[in-house]
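Novice: Input structure: query.cif, which contains mmCIF, C-alpha atoms and all ligand atoms.
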```
data_run
loop_
_atom_site.label_atom_id
_atom_site.label_comp_id
_atom_site.auth_asym_id
_atom_site.auth_seq_id
_atom_site.Cartn_x
_atom_site.Cartn_y
_atom_site.Cartn_z
CA MET A 1 -14.15 7.82 -25.67
CA ALA A 2 -10.39 7.31 -25.79
CA VAL A 3 -8.55 8.81 -28.77
CA ASP A 4 -7.95 6.18 -31.48
CA LEU A 5 -4.21 5.49 -31.64
CA ALA A 6 -4.44 3.42 -34.85
CA PRO A 7 -2.89 6.26 -36.96
CA PHE A 8 0.38 5.72 -35.05
CA ALA A 9 0.69 2.08 -36.18
CA GLY A 10 3.94 1.56 -38.09
CA ARG A 11 5.09 5.11 -37.28
CA HIS A 12 8.25 5.96 -35.38
CA CYS A 13 7.56 7.93 -32.20
CA LEU A 14 10.16 9.52 -29.95
CA VAL A 15 9.17 10.04 -26.32
CA THR A 16 11.50 12.24 -24.29
CA GLY A 17 11.30 11.69 -20.54
CA GLY A 18 9.84 8.30 -21.49
CA LEU A 19 11.16 6.55 -18.37
CA GLY A 20 9.37 9.07 -16.17
CA PHE A 21 5.79 9.18 -14.97
CA ILE A 22 3.89 10.90 -17.77
CA GLY A 23 6.23 9.87 -20.61
CA SER A 24 6.14 6.13 -19.85
CA ASN A 25 2.36 6.05 -20.28
CA PRO A 26 2.36 7.13 -23.97
CA VAL A 27 5.34 4.81 -24.58
CA LEU A 28 3.20 1.82 -23.57
CA ALA A 29 0.04 3.10 -25.28
CA LEU A 30 1.84 3.80 -28.57
CA GLU A 31 3.54 0.41 -28.52
CA ALA A 32 0.19 -1.26 -27.92
CA ALA A 33 -1.00 0.59 -31.04
CA CYS A 34 1.92 -0.96 -33.03
CA ALA A 35 4.07 2.17 -33.24
CA SER A 36 7.84 1.80 -32.98
CA VAL A 37 9.00 3.83 -30.01
CA THR A 38 12.33 5.31 -28.93
CA VAL A 39 12.75 6.78 -25.46
CA VAL A 40 15.30 9.47 -24.62
CA ASP A 41 15.71 10.01 -20.90
CA SER A 42 18.76 11.09 -18.92
CA LEU A 43 17.50 9.42 -15.71
CA VAL A 44 17.99 12.60 -13.69
CA PRO A 45 18.79 11.48 -10.10
CA ARG A 46 15.89 11.71 -7.60
CA HIS A 47 13.38 12.40 -10.37
CA GLY A 48 10.69 10.13 -11.78
CA GLY A 49 12.77 8.14 -14.30
CA ASN A 50 12.39 4.42 -13.56
CA ARG A 51 13.19 1.62 -16.02
CA ARG A 52 10.45 -0.49 -14.43
CA ASN A 53 7.91 1.96 -15.83
CA ILE A 54 8.34 0.37 -19.25
CA ALA A 55 9.22 -3.18 -18.11
CA GLY A 56 8.44 -5.67 -20.88
CA SER A 57 8.35 -2.96 -23.54
CA ALA A 58 10.34 -3.30 -26.75
CA ALA A 59 11.01 0.44 -26.93
CA GLU A 60 14.59 1.43 -27.67
CA VAL A 61 15.99 3.40 -24.73
CA VAL A 62 18.66 6.07 -25.17
CA VAL A 63 19.94 7.30 -21.81
CA ALA A 64 21.01 10.85 -22.62
CA ASP A 65 20.06 14.46 -22.19
CA ILE A 66 17.73 15.54 -24.98
CA ALA A 67 20.27 18.19 -26.04
CA ASP A 68 23.04 15.62 -26.52
CA ALA A 69 23.05 15.68 -30.31
CA SER A 70 25.53 12.82 -30.74
CA ALA A 71 23.34 10.45 -28.70
CA VAL A 72 19.92 11.66 -29.85
CA ALA A 73 20.33 12.64 -33.53
CA ARG A 74 19.61 9.23 -35.05
CA ALA A 75 16.31 8.77 -33.18
CA ALA A 76 15.37 12.42 -33.68
CA ALA A 77 15.98 12.20 -37.43
CA SER A 78 13.62 9.29 -38.01
CA ALA A 79 10.75 10.20 -35.66
CA GLN A 80 7.47 11.23 -37.27
CA TYR A 81 6.02 12.14 -33.88
CA VAL A 82 7.86 13.55 -30.87
CA PHE A 83 6.19 13.57 -27.46
CA ASN A 84 8.43 15.88 -25.49
CA LEU A 85 7.92 15.10 -21.80
CA ALA A 86 11.44 15.49 -20.45
CA GLY A 87 11.58 17.99 -17.64
CA GLN A 88 12.19 18.71 -13.97
CA VAL A 89 8.92 19.12 -12.12
CA SER A 90 9.85 20.29 -8.63
CA HIS A 91 8.89 23.87 -7.81
CA ILE A 92 10.84 23.82 -4.55
CA ASP A 93 13.98 22.42 -6.28
CA SER A 94 13.72 25.16 -8.87
CA MET A 95 14.07 27.74 -6.10
CA GLU A 96 16.95 25.90 -4.41
CA ASP A 97 18.82 25.16 -7.66
CA PRO A 98 17.52 27.68 -10.20
CA ILE A 99 20.37 27.18 -12.66
CA GLY A 100 19.81 23.40 -12.61
CA ASP A 101 16.13 23.97 -13.39
CA LEU A 102 16.96 26.37 -16.20
CA ASP A 103 19.45 23.84 -17.67
CA LEU A 104 17.05 20.87 -17.62
CA ASN A 105 13.88 22.70 -18.54
CA ALA A 106 14.93 25.49 -20.88
CA ARG A 107 18.51 25.13 -22.15
CA SER A 108 18.16 21.42 -22.98
CA GLN A 109 14.82 22.06 -24.67
CA LEU A 110 16.33 24.74 -26.89
CA GLY A 111 19.21 22.41 -27.78
CA PHE A 112 16.71 19.68 -28.63
CA LEU A 113 14.65 22.00 -30.85
CA GLU A 114 17.82 23.08 -32.66
CA LEU A 115 18.62 19.41 -33.25
CA LEU A 116 15.13 18.78 -34.64
CA ARG A 117 15.37 21.85 -36.87
CA ARG A 118 18.62 20.48 -38.29
CA VAL A 119 17.81 16.78 -38.68
CA ASN A 120 14.00 16.56 -38.85
CA PRO A 121 12.14 19.83 -39.46
CA GLU A 122 9.09 17.86 -40.62
CA ALA A 123 8.52 16.30 -37.17
CA VAL A 124 5.26 16.74 -35.28
CA VAL A 125 6.15 17.74 -31.70
CA VAL A 126 3.89 17.93 -28.65
CA PHE A 127 5.45 19.54 -25.59
CA GLY A 128 4.37 18.98 -21.97
CA SER A 129 4.00 22.50 -20.57
CA THR A 130 2.36 23.44 -17.27
CA ARG A 131 -0.34 25.63 -15.73
CA GLN A 132 2.37 26.77 -13.30
CA ILE A 133 3.23 29.54 -15.76
CA TYR A 134 0.03 31.43 -14.86
CA GLY A 135 1.04 31.85 -11.21
CA ARG A 136 -1.75 32.90 -8.85
CA PRO A 137 -4.94 33.03 -10.91
CA GLN A 138 -6.37 36.50 -11.49
CA TYR A 139 -9.65 34.92 -12.56
CA ILE A 140 -11.15 31.45 -12.68
CA PRO A 141 -11.42 29.36 -14.76
CA VAL A 142 -8.01 30.18 -16.24
CA ASP A 143 -7.97 30.25 -20.03
CA GLU A 144 -4.98 30.47 -22.36
CA GLY A 145 -5.32 34.27 -22.51
CA HIS A 146 -4.71 34.60 -18.75
CA PRO A 147 -1.59 36.67 -17.95
CA VAL A 148 1.60 34.67 -17.46
CA ASN A 149 2.99 35.46 -14.04
CA PRO A 150 5.01 32.54 -12.62
CA VAL A 151 5.64 32.39 -8.89
CA ASP A 152 8.79 30.28 -9.17
CA VAL A 153 11.81 29.61 -11.39
CA ASN A 154 10.22 26.39 -12.67
CA GLY A 155 7.30 28.36 -14.11
CA ILE A 156 9.70 30.69 -15.94
CA SER A 157 11.93 27.90 -17.31
CA LYS A 158 8.90 25.92 -18.50
CA TYR A 159 7.37 29.01 -20.10
CA ALA A 160 10.63 29.67 -21.94
CA ALA A 161 10.66 26.06 -23.21
CA GLU A 162 7.03 26.24 -24.26
CA GLN A 163 7.56 29.50 -26.12
CA PHE A 164 10.68 28.11 -27.83
CA HIS A 165 8.37 25.43 -29.27
CA ILE A 166 5.85 28.01 -30.45
CA LEU A 167 8.61 30.17 -31.92
CA TYR A 168 10.04 27.18 -33.81
CA ALA A 169 6.54 26.47 -35.12
CA ASN A 170 6.01 30.05 -36.24
CA VAL A 171 9.46 30.79 -37.62
CA HIS A 172 10.89 27.40 -38.64
CA GLU A 173 7.60 25.65 -39.41
CA LEU A 174 8.28 22.82 -37.00
CA ARG A 175 4.85 21.31 -36.32
CA ALA A 176 5.06 21.95 -32.58
CA SER A 177 2.29 22.53 -30.06
CA ALA A 178 2.15 22.62 -26.25
CA LEU A 179 -0.24 21.26 -23.64
CA ARG A 180 -0.43 23.15 -20.35
CA LEU A 181 -0.90 20.30 -17.90
CA THR A 182 -2.44 20.61 -14.46
CA ASN A 183 -1.78 18.18 -11.57
CA VAL A 184 -1.40 14.82 -13.26
CA TYR A 185 -1.91 11.57 -11.33
CA GLY A 186 -2.02 7.88 -12.19
CA PRO A 187 0.26 4.86 -12.53
CA ARG A 188 4.08 5.10 -12.77
CA GLN A 189 4.71 8.26 -10.77
CA ARG A 190 7.54 8.34 -8.25
CA LEU A 191 6.03 8.35 -4.76
CA LEU A 192 9.20 9.01 -2.78
CA GLY A 193 10.04 12.51 -1.54
CA ASP A 194 7.92 15.52 -2.37
CA ARG A 195 9.46 16.63 -5.68
CA GLN A 196 6.63 15.35 -7.84
CA GLY A 197 3.88 17.42 -6.22
CA PHE A 198 1.30 16.75 -3.54
CA LEU A 199 -0.68 13.86 -5.09
CA PRO A 200 2.05 11.19 -4.82
CA VAL A 201 2.74 12.37 -1.26
CA PHE A 202 -0.94 11.93 -0.36
CA LEU A 203 -1.00 8.47 -1.95
CA ARG A 204 2.16 7.29 -0.21
CA LEU A 205 1.03 8.49 3.21
CA ALA A 206 -2.39 6.84 2.86
CA LEU A 207 -0.83 3.58 1.64
CA GLU A 208 1.52 3.66 4.63
CA ASP A 209 -1.44 4.41 6.96
CA GLN A 210 0.00 7.77 7.99
CA PRO A 211 -1.72 11.15 8.37
CA ILE A 212 -1.88 13.34 5.27
CA THR A 213 -1.14 16.92 6.25
CA VAL A 214 -2.84 19.76 4.41
CA TYR A 215 -1.59 23.32 4.82
CA GLY A 216 -3.96 25.75 6.53
CA THR A 217 -7.51 24.49 6.12
CA GLY A 218 -6.70 22.78 2.82
CA GLU A 219 -9.33 24.82 1.02
CA GLN A 220 -7.14 25.78 -1.97
CA ALA A 221 -8.31 23.79 -4.98
CA ARG A 222 -6.36 21.97 -7.69
CA ASP A 223 -7.39 20.69 -11.06
CA CYS A 224 -6.41 17.01 -11.15
CA ILE A 225 -6.15 15.05 -14.36
CA HIS A 226 -5.56 11.35 -14.91
CA VAL A 227 -2.52 10.43 -16.99
CA ASP A 228 -4.67 8.41 -19.46
CA ASP A 229 -6.52 11.65 -20.26
CA VAL A 230 -3.13 13.28 -20.85
CA VAL A 231 -2.15 10.44 -23.22
CA ASP A 232 -5.38 11.10 -25.14
CA ALA A 233 -4.59 14.80 -25.37
CA LEU A 234 -1.01 14.13 -26.52
CA ALA A 235 -2.34 11.90 -29.29
CA ALA A 236 -5.10 14.33 -30.26
CA ALA A 237 -2.61 17.21 -30.51
CA ALA A 238 -0.16 15.11 -32.56
CA LEU A 239 -2.88 14.13 -35.01
CA SER A 240 -4.57 17.53 -35.37
CA PRO A 241 -3.52 19.70 -38.35
CA ASP A 242 -4.73 22.71 -36.34
CA ALA A 243 -2.46 22.16 -33.33
CA PRO A 244 0.95 23.43 -34.56
CA GLY A 245 1.82 26.84 -33.14
CA GLU A 246 -0.90 26.57 -30.48
CA VAL A 247 -0.96 26.13 -26.70
CA PHE A 248 -3.81 24.28 -25.03
CA ASN A 249 -4.92 24.14 -21.41
CA LEU A 250 -5.80 20.70 -20.11
CA GLY A 251 -7.77 20.21 -16.94
CA HIS A 252 -10.64 18.37 -15.44
CA GLU A 253 -12.00 18.57 -11.95
CA SER A 254 -11.19 21.22 -9.40
CA LEU A 255 -11.24 19.83 -5.86
CA SER A 256 -9.95 21.30 -2.59
CA LEU A 257 -6.75 19.73 -1.26
CA ARG A 258 -8.68 18.63 1.81
CA ARG A 259 -11.31 16.89 -0.38
CA ILE A 260 -8.60 15.25 -2.49
CA ALA A 261 -6.91 13.97 0.69
CA GLU A 262 -10.25 12.64 2.00
CA LEU A 263 -10.98 10.86 -1.29
CA VAL A 264 -7.49 9.30 -1.28
CA VAL A 265 -7.93 8.09 2.31
CA ASP A 266 -11.38 6.64 1.45
CA ALA A 267 -10.06 4.87 -1.65
CA VAL A 268 -6.98 3.43 0.08
CA GLY A 269 -8.89 2.49 3.23
CA SER A 270 -6.10 3.78 5.52
CA GLY A 271 -4.46 7.05 6.55
CA SER A 272 -6.12 10.22 7.86
CA VAL A 273 -6.22 13.97 7.15
CA GLU A 274 -4.65 16.61 9.41
CA GLU A 275 -4.30 20.38 9.07
CA ILE A 276 -0.94 22.04 9.78
CA PRO A 277 0.18 25.69 9.52
CA TRP A 278 1.69 26.75 6.20
CA PRO A 279 5.48 26.25 6.00
CA PRO A 280 6.82 29.67 4.90
CA GLU A 281 8.84 28.29 1.93
CA ARG A 282 5.64 26.70 0.57
CA ALA A 283 3.36 29.67 1.27
CA ARG A 284 5.70 31.93 -0.71
CA ILE A 285 5.24 29.97 -3.96
CA ASP A 286 1.71 28.65 -3.53
CA ILE A 287 -0.69 29.61 -6.30
CA GLY A 288 -3.93 29.46 -4.28
CA THR A 289 -6.95 27.96 -6.01
CA TYR A 290 -6.67 26.90 -9.65
CA ARG A 291 -9.25 25.72 -12.14
CA GLY A 292 -8.45 25.53 -15.83
CA ASP A 293 -10.65 26.30 -18.82
CA TYR A 294 -9.95 23.60 -21.41
CA SER A 295 -12.61 24.62 -23.93
CA LYS A 296 -9.96 25.40 -26.59
CA ALA A 297 -8.64 21.81 -26.43
CA LYS A 298 -12.24 20.59 -26.66
CA GLN A 299 -13.00 22.78 -29.67
CA VAL A 300 -9.78 22.42 -31.65
CA LEU A 301 -8.58 18.94 -30.67
CA GLY A 302 -11.93 17.34 -29.86
CA TRP A 303 -10.38 16.37 -26.51
CA GLU A 304 -12.23 15.99 -23.23
CA PRO A 305 -11.16 14.35 -19.98
CA ARG A 306 -13.06 11.14 -19.32
CA ILE A 307 -11.76 9.87 -15.96
CA ASP A 308 -13.33 11.25 -12.78
CA PHE A 309 -11.11 11.58 -9.73
CA PRO A 310 -12.70 8.83 -7.56
CA ALA A 311 -12.52 6.26 -10.37
CA GLY A 312 -9.04 7.41 -11.42
CA ILE A 313 -7.64 7.27 -7.91
CA ALA A 314 -9.13 3.79 -7.32
CA SER A 315 -7.41 2.32 -10.40
CA THR A 316 -4.20 4.19 -9.53
CA ILE A 317 -4.14 2.56 -6.09
CA GLU A 318 -4.71 -0.87 -7.67
CA TYR A 319 -1.62 -0.25 -9.79
CA TYR A 320 0.59 0.72 -6.85
CA ARG A 321 -0.44 -1.81 -4.21
CA PRO A 322 1.51 -4.77 -5.65
CA ARG A 323 4.34 -2.53 -6.94
CA LEU A 324 4.82 -0.07 -4.09
CA ALA A 325 8.50 -0.98 -3.59
CA TRP A 326 9.31 0.15 -7.17
CA TYR A 327 8.19 3.67 -6.44
CA LEU A 328 9.65 4.24 -2.97
N1 LIG A 401 3.39 15.57 -13.17
C1 LIG A 401 2.65 16.68 -13.29
O1 LIG A 401 1.65 16.86 -12.56
C2 LIG A 401 3.01 17.71 -14.33
C3 LIG A 401 2.24 18.89 -14.38
C4 LIG A 401 2.56 19.86 -15.33
C5 LIG A 401 3.60 19.65 -16.22
N2 LIG A 401 4.33 18.51 -16.16
C6 LIG A 401 5.44 18.34 -17.11
O2 LIG A 401 5.41 17.03 -17.67
C7 LIG A 401 6.75 16.55 -17.89
C8 LIG A 401 6.89 15.16 -17.28
O3 LIG A 401 6.68 15.23 -15.88
P1 LIG A 401 6.62 13.90 -14.98
O4 LIG A 401 5.65 14.15 -13.90
O5 LIG A 401 6.48 12.71 -15.85
O6 LIG A 401 8.07 13.93 -14.32
P2 LIG A 401 9.08 12.71 -14.08
O7 LIG A 401 10.18 13.23 -13.21
O8 LIG A 401 8.35 11.49 -13.64
O9 LIG A 401 9.64 12.42 -15.54
C9 LIG A 401 10.45 13.33 -16.21
C10 LIG A 401 11.55 12.53 -16.90
O10 LIG A 401 12.31 13.43 -17.69
C11 LIG A 401 13.68 13.07 -17.57
N3 LIG A 401 14.44 14.29 -17.90
C12 LIG A 401 14.36 15.50 -17.26
N4 LIG A 401 15.12 16.40 -17.91
C13 LIG A 401 15.68 15.75 -18.96
C14 LIG A 401 16.54 16.16 -20.01
N5 LIG A 401 16.97 17.42 -20.11
N6 LIG A 401 16.92 15.23 -20.94
C15 LIG A 401 16.47 13.95 -20.86
N7 LIG A 401 15.63 13.51 -19.90
C16 LIG A 401 15.25 14.41 -18.96
C17 LIG A 401 13.85 12.59 -16.14
O11 LIG A 401 14.96 11.72 -16.02
C18 LIG A 401 12.50 11.87 -15.92
O12 LIG A 401 12.60 10.49 -16.23
C19 LIG A 401 7.68 17.59 -17.28
O13 LIG A 401 8.22 18.38 -18.31
C20 LIG A 401 6.79 18.44 -16.40
O14 LIG A 401 7.21 19.78 -16.31
C21 LIG A 401 4.06 17.54 -15.22
#
```
Write the structure described by the file as structure tokens, please.

Specialist:
Amino acid sequence: MAVDLAPFAGRHCLVTGGLGFIGSNPVLALEAACASVTVVDSLVPRHGGNRRNIAGSAAEVVVADIADASAVARAAASAQYVFNLAGQVSHIDSMEDPIGDLDLNARSQLGFLELLRRVNPEAVVVFGSTRQIYGRPQYIPVDEGHPVNPVDVNGISKYAAEQFHILYANVHELRASALRLTNVYGPRQRLLGDRQGFLPVFLRLALEDQPITVYGTGEQARDCIHVDDVVDALAAAALSPDAPGEVFNLGHESLSLRRIAELVVDAVGSGSVEEIPWPPERARIDIGTYRGDYSKAKQVLGWEPRIDFPAGIASTIEYYRPRLAWYL
């Protein structure tokens, strides 16, 4: 069952990265639950920020970096709940522009936390972290106690940001927690380019009736999670008195990349699957097979994923078909 968003009615929620893929989904869900919502998003070029993601919404939009105190302080001061989903997601970009990744993912996050500490230390904050921090799994399923061993700069910057949140919870009593997300899919994700991960690439190629290429035999598995399940987890973490100071794995279904590609092709009704040799720059930072253990989120937050991949991908395709031009 979906998490009940009624407790957010009449509350002020701040969603950072709220014009992007993941962030825009809680913006709409919270508004539908009668919350007042402010979005802070700097519309980083070539990333997922897209004003159409919240078309028709009454949310206030502040176009600024989250660390820009003069632009963000007013909204930060009055927010009871902060869903912190601003970030740069590309692993490859983080290796080509490591300082840019550090700035967006770590430096800005620390500036934002300092702002919250100053103007709103009572805020409840949920941060969108990533399973990328674990690197190549040493055992499966990966629980929160798994060693942190990132294979790229993105994993290190995101880990720093996550741990800043936990530090601010432990030392400054900010009510902050972090969700380690796996591969998220669903409506409102940029489909152009390959910065946002493999799922949007697979979707775009199938929708354009082109071959989807998987590296090697495509047997490495990924744990895919629908964005509505992420919205549930964000809400559950925000509402739980036991969440502050904690990190939680999310996850759902581990499927091989080849199987994911086949399911996408089946659901779209066009495209095909082809194997190609590993490009060296990808092989160097690939994490192999990943499956997450989300039993802590289940136990502490009462959260469980509820959308299976075939159903989730079918509704995702229905969203994109009439709106494809917005995302290309
Ligand atoms: N998409 C996934 O599968 C996935 C997996 C794990 C973690 N995450 C994390 O979830 C968050 C959201 O990812 P997404 O897929 O929605 O990406 P996205 O690119 O669609 O959205 C991110 C948004 O954040 C904004 N942004 C980035 N840095 C900012 C800053 N410093 N100040 C203000 N705005 C900023 C961008 O303009 C963009 O609109 C990221 O932090 C990412 O690391 C995503």

Novice: Any residue with an atom at most 7 Å from ligand LIG 401 (chain A) counts, using all atoms listed in the file. Which are they? Put them as a PDB file with C-alpha atoms, in the coordinates of the input.

Specialist:
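Output saved as selection_22.pdb:
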```pdb
ATOM      1  CA  THR A  16      11.500  12.240 -24.290  1.00  0.00           C
ATOM      2  CA  GLY A  17      11.300  11.690 -20.540  1.00  0.00           C
ATOM      3  CA  GLY A  18       9.840   8.300 -21.490  1.00  0.00           C
ATOM      4  CA  LEU A  19      11.160   6.550 -18.370  1.00  0.00           C
ATOM      5  CA  GLY A  20       9.370   9.070 -16.170  1.00  0.00           C
ATOM      6  CA  PHE A  21       5.790   9.180 -14.970  1.00  0.00           C
ATOM      7  CA  ILE A  22       3.890  10.900 -17.770  1.00  0.00           C
ATOM      8  CA  GLY A  23       6.230   9.870 -20.610  1.00  0.00           C
ATOM      9  CA  VAL A  40      15.300   9.470 -24.620  1.00  0.00           C
ATOM     10  CA  ASP A  41      15.710  10.010 -20.900  1.00  0.00           C
ATOM     11  CA  SER A  42      18.760  11.090 -18.920  1.00  0.00           C
ATOM     12  CA  LEU A  43      17.500   9.420 -15.710  1.00  0.00           C
ATOM     13  CA  VAL A  44      17.990  12.600 -13.690  1.00  0.00           C
ATOM     14  CA  HIS A  47      13.380  12.400 -10.370  1.00  0.00           C
ATOM     15  CA  GLY A  48      10.690  10.130 -11.780  1.00  0.00           C
ATOM     16  CA  GLY A  49      12.770   8.140 -14.300  1.00  0.00           C
ATOM     17  CA  ASN A  50      12.390   4.420 -13.560  1.00  0.00           C
ATOM     18  CA  ALA A  64      21.010  10.850 -22.620  1.00  0.00           C
ATOM     19  CA  ASP A  65      20.060  14.460 -22.190  1.00  0.00           C
ATOM     20  CA  ILE A  66      17.730  15.540 -24.980  1.00  0.00           C
ATOM     21  CA  ALA A  67      20.270  18.190 -26.040  1.00  0.00           C
ATOM     22  CA  LEU A  85       7.920  15.100 -21.800  1.00  0.00           C
ATOM     23  CA  ALA A  86      11.440  15.490 -20.450  1.00  0.00           C
ATOM     24  CA  GLY A  87      11.580  17.990 -17.640  1.00  0.00           C
ATOM     25  CA  GLN A  88      12.190  18.710 -13.970  1.00  0.00           C
ATOM     26  CA  VAL A  89       8.920  19.120 -12.120  1.00  0.00           C
ATOM     27  CA  LEU A 104      17.050  20.870 -17.620  1.00  0.00           C
ATOM     28  CA  ASN A 105      13.880  22.700 -18.540  1.00  0.00           C
ATOM     29  CA  SER A 108      18.160  21.420 -22.980  1.00  0.00           C
ATOM     30  CA  GLN A 109      14.820  22.060 -24.670  1.00  0.00           C
ATOM     31  CA  GLY A 128       4.370  18.980 -21.970  1.00  0.00           C
ATOM     32  CA  SER A 129       4.000  22.500 -20.570  1.00  0.00           C
ATOM     33  CA  THR A 130       2.360  23.440 -17.270  1.00  0.00           C
ATOM     34  CA  ARG A 131      -0.340  25.630 -15.730  1.00  0.00           C
ATOM     35  CA  LYS A 158       8.900  25.920 -18.500  1.00  0.00           C
ATOM     36  CA  ARG A 180      -0.430  23.150 -20.350  1.00  0.00           C
ATOM     37  CA  LEU A 181      -0.900  20.300 -17.900  1.00  0.00           C
ATOM     38  CA  THR A 182      -2.440  20.610 -14.460  1.00  0.00           C
ATOM     39  CA  ASN A 183      -1.780  18.180 -11.570  1.00  0.00           C
ATOM     40  CA  VAL A 184      -1.400  14.820 -13.260  1.00  0.00           C
ATOM     41  CA  TYR A 185      -1.910  11.570 -11.330  1.00  0.00           C
ATOM     42  CA  GLN A 189       4.710   8.260 -10.770  1.00  0.00           C
ATOM     43  CA  ARG A 190       7.540   8.340  -8.250  1.00  0.00           C
ATOM     44  CA  GLN A 196       6.630  15.350  -7.840  1.00  0.00           C
ATOM     45  CA  GLY A 197       3.880  17.420  -6.220  1.00  0.00           C
TER      46      GLY A 197
END
```

Novice: From the set A:Ile313, A:Val124, A:His12, A:Ile133, which residue has the shortest atom-to-atom contact distance to A:His146, counting only C-alpha atoms?

Specialist: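 Result for the nearest residue to A:His146: A:Ile133.
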
Novice: Return the single residue from A:Asp293, A:Glu275, A:Asp228, A:Asp266 that is closest to A:Leu250, with distances computed using all atoms listed in the file.

Specialist: A:Asp293

Novice: Would you please work out which residue, of A:Arg51, A:Phe127, A:Ser315, A:Glu304, is nearest to A:Leu14 when using only C-alpha atoms?

Specialist: A:Phe127

Novice: Hey, what's within 12 Å of stretch 68-76 of chain A if we count all atoms listed in the file and toss same-chain stuff fewer than 3 positions away? As a PDB file with C-alpha atoms, keeping the file's coordinate frame, please?

Specialist:
```
ATOM      1  CA  HIS A  12       8.250   5.960 -35.380  1.00  0.00           C
ATOM      2  CA  CYS A  13       7.560   7.930 -32.200  1.00  0.00           C
ATOM      3  CA  LEU A  14      10.160   9.520 -29.950  1.00  0.00           C
ATOM      4  CA  VAL A  15       9.170  10.040 -26.320  1.00  0.00           C
ATOM      5  CA  THR A  16      11.500  12.240 -24.290  1.00  0.00           C
ATOM      6  CA  SER A  36       7.840   1.800 -32.980  1.00  0.00           C
ATOM      7  CA  VAL A  37       9.000   3.830 -30.010  1.00  0.00           C
ATOM      8  CA  THR A  38      12.330   5.310 -28.930  1.00  0.00           C
ATOM      9  CA  VAL A  39      12.750   6.780 -25.460  1.00  0.00           C
ATOM     10  CA  VAL A  40      15.300   9.470 -24.620  1.00  0.00           C
ATOM     11  CA  ASP A  41      15.710  10.010 -20.900  1.00  0.00           C
ATOM     12  CA  SER A  42      18.760  11.090 -18.920  1.00  0.00           C
ATOM     13  CA  ALA A  59      11.010   0.440 -26.930  1.00  0.00           C
ATOM     14  CA  GLU A  60      14.590   1.430 -27.670  1.00  0.00           C
ATOM     15  CA  VAL A  61      15.990   3.400 -24.730  1.00  0.00           C
ATOM     16  CA  VAL A  62      18.660   6.070 -25.170  1.00  0.00           C
ATOM     17  CA  VAL A  63      19.940   7.300 -21.810  1.00  0.00           C
ATOM     18  CA  ALA A  64      21.010  10.850 -22.620  1.00  0.00           C
ATOM     19  CA  ASP A  65      20.060  14.460 -22.190  1.00  0.00           C
ATOM     20  CA  ALA A  79      10.750  10.200 -35.660  1.00  0.00           C
ATOM     21  CA  GLN A  80       7.470  11.230 -37.270  1.00  0.00           C
ATOM     22  CA  TYR A  81       6.020  12.140 -33.880  1.00  0.00           C
ATOM     23  CA  VAL A  82       7.860  13.550 -30.870  1.00  0.00           C
ATOM     24  CA  PHE A  83       6.190  13.570 -27.460  1.00  0.00           C
ATOM     25  CA  ASN A  84       8.430  15.880 -25.490  1.00  0.00           C
ATOM     26  CA  LEU A 104      17.050  20.870 -17.620  1.00  0.00           C
ATOM     27  CA  ARG A 107      18.510  25.130 -22.150  1.00  0.00           C
ATOM     28  CA  SER A 108      18.160  21.420 -22.980  1.00  0.00           C
ATOM     29  CA  GLN A 109      14.820  22.060 -24.670  1.00  0.00           C
ATOM     30  CA  LEU A 110      16.330  24.740 -26.890  1.00  0.00           C
ATOM     31  CA  GLY A 111      19.210  22.410 -27.780  1.00  0.00           C
ATOM     32  CA  PHE A 112      16.710  19.680 -28.630  1.00  0.00           C
ATOM     33  CA  LEU A 113      14.650  22.000 -30.850  1.00  0.00           C
ATOM     34  CA  GLU A 114      17.820  23.080 -32.660  1.00  0.00           C
ATOM     35  CA  LEU A 115      18.620  19.410 -33.250  1.00  0.00           C
ATOM     36  CA  LEU A 116      15.130  18.780 -34.640  1.00  0.00           C
ATOM     37  CA  ARG A 117      15.370  21.850 -36.870  1.00  0.00           C
ATOM     38  CA  ARG A 118      18.620  20.480 -38.290  1.00  0.00           C
ATOM     39  CA  VAL A 119      17.810  16.780 -38.680  1.00  0.00           C
ATOM     40  CA  ASN A 120      14.000  16.560 -38.850  1.00  0.00           C
ATOM     41  CA  PRO A 121      12.140  19.830 -39.460  1.00  0.00           C
ATOM     42  CA  GLU A 122       9.090  17.860 -40.620  1.00  0.00           C
ATOM     43  CA  ALA A 123       8.520  16.300 -37.170  1.00  0.00           C
ATOM     44  CA  VAL A 124       5.260  16.740 -35.280  1.00  0.00           C
ATOM     45  CA  VAL A 125       6.150  17.740 -31.700  1.00  0.00           C
TER      46      VAL A 125
END
```

Novice: Please, what distance in Å, to one decimal, runs between atom CA of A:Glu144 and atom CA of A:Ile99?

Specialist: 27.3 Å

Novice: Within 12 Å of (-1.6, 20.6, -27.1) (file coordinates; only C-alpha atoms), which protein or nucleic acid residues are there? I'd like them as number ranges by chain.

Specialist: A: 83-84, 124-130, 144, 162, 165-166, 175-181, 230-251, 294, 296-303

Novice: Which of these residues is nearest to A:Leu28, using all atoms listed in the file: A:Ala2, A:Met95, A:Ala58, A:Leu174?

Specialist: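 Distance minimum relative to A:Leu28 lands on A:Ala58.
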
Novice: One decimal, in Å: what's the spacing between atom CA of A:His252 and atom CA of A:Asp4?

Specialist: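 Separation between atom CA of A:His252 and atom CA of A:Asp4: 20.3 Å.
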
Novice: What is the atom CA of A:Arg188-atom CA of A:Leu324 distance in Å, reported with one decimal?

Specialist: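 According to the coordinates, atom CA of A:Arg188 and atom CA of A:Leu324 are separated by 10.1 Å.
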
Novice: Using the file's own x, y and z axes, what box holds all listed atoms of stretch 323-327 of chain A with 6 Å on each side, keeping edges along x, y and z, and what are its centre and edge lengths in Å to one decimal, as AutoDock Vina command-line options?

Specialist:
```
--center_x 6.8 --center_y 0.6 --center_z -5.4 --size_x 17.0 --size_y 18.2 --size_z 15.6
```
